[in-house]
Structure formats: C-alpha cells, structure tokens
Amino acid sequence: MMNFIESELLRVFVGEQEKLHHRPLYELLVSEALERGMAGATVFRGLLSFGLHHKVHTSKIFELAGELPMVIEIVDITEKIEEFLPVVETLLRESGAQALVTREAVRQWTT
C-alpha cells in the first residue's frame with residue numbers, strides 16, 4: 001500500500017544566466033535545499049517560453065544562448081517550504097534576478 005503525506009511543491013523560475021557570486025542561481029538554490037535537508041530538488045531547462053515582457057525565448061540555433069528559463073522544483077512538507085522561503089528571497093534579492101515563485105499542494109509518496 002502506498003503512503004502519501006501532504007506536502008508542497010515550490011517552483012522557482014529564473015533565467016539560466018542569473019548568477020550570484022559567479023555561480024548559477026539555480027545551482028545555489030539546489031545547494032541550499034540540500035544543505036537544509038529538503039526532501040528533493042530538480043532543475044529543468046525550458047525549451048520555449050515567454051514571460052512578463054512577452055519576449056519569446058527558444059533553444060533554436062539562431063537564438064542567443066543563455067536566455068532560456070531554468071525551473072527549480074523543490075518538494076517537502078509545508079513547514080520546511082515555509083522555512084526555506086526566506087533563503088529563496090535572499091538569494092533572489094542579492095542576485096537581482098527576475099523570478100517567478102509558485103507553490104502548490106502535492107502528495108508525496110513515502111515508503
């Protein structure tokens with residue numbers, strides 16, 4: 001029988017060129033999540049997107065590299081997500097990155 005616990009999925013959308021202290025912001029976010037013992041984190045690279053300014057970003061060869069979105073997904077119980085949000089806010093503020101941050105309820109499978 002599968003056991004599920006109520007959890008949250010935190011998504012952070014940033015540009016792949018966003019950096020802080022010469023490190024990609026998506027890498028820093030995952031490192032911080034790991035250091036804090038979060039249940040899991042994954043980074044996805046977008047192939048096609050547009051955002052606030054309605055500029056299309058694509059992975060096609062004629063586009064300049066470095067403008068694609070990186071989506072960082074972090075899953076854990078609500079309390080740990082709440083504790084992690086100030087870390088996300090600090091990293092975003094210090095980097096000056098434009099970002100979109102979303103949260104949603106999920107059910108996490110445990111063994």
# chains A, B, ... in the order shown; residues from 1 in each chain; ligands from 1
call {"tool": "residues_around", "arguments": {"residues": "segment 8-19 of chain A", "least_positions_apart": "5", "cutoff": "8 Å", "atoms": "only C-alpha atoms", "output": "number ranges by chain"}}
result
A: 24-26, 45, 66-78, 81, 95, 97-107
call {"tool": "select_by_dssp", "arguments": {"residues": "chain A", "states": "strand (DSSP E or B)", "output": "ChimeraX atom specification"}}
result
/A:3-15,19-20,23-24,40-45,48-49,57-58,69-76,100-110
call {"tool": "select_by_dssp", "arguments": {"residues": "chain A", "states": "helix (DSSP H, G or I)", "output": "list in words"}}
result
Leu25, Tyr26, Glu27, Leu28, Leu29, Val30, Ser31, Glu32, Ala33, Leu34, Glu35, Thr78, Glu79, Lys80, Ile81, Glu82, Glu83, Phe84, Leu85, Pro86, Val87, Val88, Glu89, Thr90, Leu91, Leu92, Arg93, Glu94 and Ser95 of chain A
call {"tool": "write_last_selection", "arguments": {"atoms": "N, CA, C and O atoms", "output": "short mmCIF file (atom, residue, chain, number, x, y, z; two decimals), in the first residue's frame"}}
result
data_model
loop_
_atom_site.label_atom_id
_atom_site.label_comp_id
_atom_site.auth_asym_id
_atom_site.auth_seq_id
_atom_site.Cartn_x
_atom_site.Cartn_y
_atom_site.Cartn_z
N LEU A 25 22.39 30.75 -10.33
CA LEU A 25 21.42 30.86 -9.26
C LEU A 25 20.69 29.53 -9.02
O LEU A 25 20.43 29.16 -7.89
N TYR A 26 20.37 28.81 -10.11
CA TYR A 26 19.68 27.53 -9.94
C TYR A 26 20.53 26.54 -9.15
O TYR A 26 20.02 25.76 -8.35
N GLU A 27 21.84 26.58 -9.35
CA GLU A 27 22.76 25.71 -8.60
C GLU A 27 22.76 26.08 -7.11
O GLU A 27 22.75 25.21 -6.24
N LEU A 28 22.80 27.37 -6.84
CA LEU A 28 22.78 27.83 -5.45
C LEU A 28 21.50 27.43 -4.74
O LEU A 28 21.54 27.00 -3.58
N LEU A 29 20.38 27.55 -5.41
CA LEU A 29 19.11 27.17 -4.81
C LEU A 29 19.08 25.68 -4.46
O LEU A 29 18.65 25.30 -3.37
N VAL A 30 19.55 24.84 -5.37
CA VAL A 30 19.59 23.40 -5.10
C VAL A 30 20.57 23.09 -3.98
O VAL A 30 20.27 22.28 -3.09
N SER A 31 21.73 23.73 -3.97
CA SER A 31 22.71 23.52 -2.90
C SER A 31 22.13 23.89 -1.54
O SER A 31 22.32 23.16 -0.56
N GLU A 32 21.43 25.02 -1.49
CA GLU A 32 20.82 25.45 -0.22
C GLU A 32 19.73 24.48 0.22
O GLU A 32 19.60 24.19 1.40
N ALA A 33 18.96 23.97 -0.73
CA ALA A 33 17.91 23.00 -0.39
C ALA A 33 18.53 21.71 0.16
O ALA A 33 18.05 21.15 1.14
N LEU A 34 19.61 21.27 -0.46
CA LEU A 34 20.31 20.06 0.00
C LEU A 34 20.88 20.27 1.40
O LEU A 34 20.72 19.42 2.28
N GLU A 35 21.52 21.41 1.59
CA GLU A 35 22.13 21.73 2.88
C GLU A 35 21.09 21.76 4.01
O GLU A 35 21.39 21.40 5.14
N THR A 78 5.00 21.37 4.19
CA THR A 78 4.73 22.81 4.21
C THR A 78 5.66 23.57 5.16
O THR A 78 6.17 24.64 4.80
N GLU A 79 5.89 23.03 6.34
CA GLU A 79 6.72 23.72 7.32
C GLU A 79 8.13 23.95 6.80
O GLU A 79 8.71 25.03 7.00
N LYS A 80 8.70 22.95 6.13
CA LYS A 80 10.07 23.10 5.61
C LYS A 80 10.11 24.05 4.42
O LYS A 80 11.07 24.80 4.25
N ILE A 81 9.05 24.05 3.60
CA ILE A 81 8.96 25.01 2.50
C ILE A 81 8.89 26.42 3.07
O ILE A 81 9.59 27.33 2.60
N GLU A 82 8.07 26.62 4.10
CA GLU A 82 7.96 27.93 4.75
C GLU A 82 9.32 28.40 5.26
O GLU A 82 9.68 29.56 5.11
N GLU A 83 10.08 27.50 5.89
CA GLU A 83 11.40 27.85 6.42
C GLU A 83 12.38 28.18 5.31
O GLU A 83 13.31 28.95 5.51
N PHE A 84 12.19 27.59 4.13
CA PHE A 84 13.11 27.77 3.01
C PHE A 84 12.83 29.06 2.23
O PHE A 84 13.73 29.59 1.57
N LEU A 85 11.62 29.57 2.30
CA LEU A 85 11.26 30.76 1.51
C LEU A 85 12.15 31.97 1.77
O LEU A 85 12.53 32.66 0.81
N PRO A 86 12.54 32.27 3.02
CA PRO A 86 13.45 33.40 3.22
C PRO A 86 14.81 33.21 2.54
O PRO A 86 15.43 34.18 2.10
N VAL A 87 15.25 31.97 2.43
CA VAL A 87 16.51 31.67 1.72
C VAL A 87 16.35 32.02 0.24
O VAL A 87 17.21 32.68 -0.35
N VAL A 88 15.24 31.59 -0.34
CA VAL A 88 14.95 31.89 -1.74
C VAL A 88 14.89 33.40 -1.94
O VAL A 88 15.52 33.94 -2.86
N GLU A 89 14.17 34.08 -1.07
CA GLU A 89 14.03 35.53 -1.18
C GLU A 89 15.38 36.23 -1.10
O GLU A 89 15.68 37.14 -1.89
N THR A 90 16.22 35.81 -0.19
CA THR A 90 17.55 36.42 -0.03
C THR A 90 18.40 36.21 -1.28
O THR A 90 19.03 37.15 -1.78
N LEU A 91 18.43 34.98 -1.80
CA LEU A 91 19.23 34.69 -3.00
C LEU A 91 18.73 35.50 -4.20
O LEU A 91 19.53 36.03 -4.97
N LEU A 92 17.41 35.60 -4.34
CA LEU A 92 16.86 36.37 -5.46
C LEU A 92 17.19 37.85 -5.31
O LEU A 92 17.58 38.50 -6.27
N ARG A 93 17.04 38.36 -4.12
CA ARG A 93 17.32 39.78 -3.89
C ARG A 93 18.79 40.08 -4.13
O ARG A 93 19.14 41.05 -4.81
N GLU A 94 19.69 39.26 -3.56
CA GLU A 94 21.12 39.51 -3.70
C GLU A 94 21.59 39.39 -5.15
O GLU A 94 22.51 40.08 -5.56
N SER A 95 20.97 38.51 -5.91
CA SER A 95 21.38 38.32 -7.30
C SER A 95 20.77 39.38 -8.22
O SER A 95 21.25 39.58 -9.33
#
call {"tool": "closest_residue", "arguments": {"among": "A:Leu20, A:Ser7, A:Thr58, A:Gln108", "to": "Gly96 of chain A", "atoms": "only C-alpha atoms"}}
result
A:Leu20
call {"tool": "atom_distance", "arguments": {"atom1": "atom CA of Phe44 of chain A", "atom2": "atom CA of Trp109 of chain A"}}
result
21.2 Å
call {"tool": "atom_distance", "arguments": {"atom1": "atom CA of Glu6 of chain A", "atom2": "atom CA of Gly40 of chain A"}}
result
14.6 Å
call {"tool": "atom_distance", "arguments": {"atom1": "atom CA of Ile5 of chain A", "atom2": "atom CA of Val43 of chain A"}}
result
22.7 Å
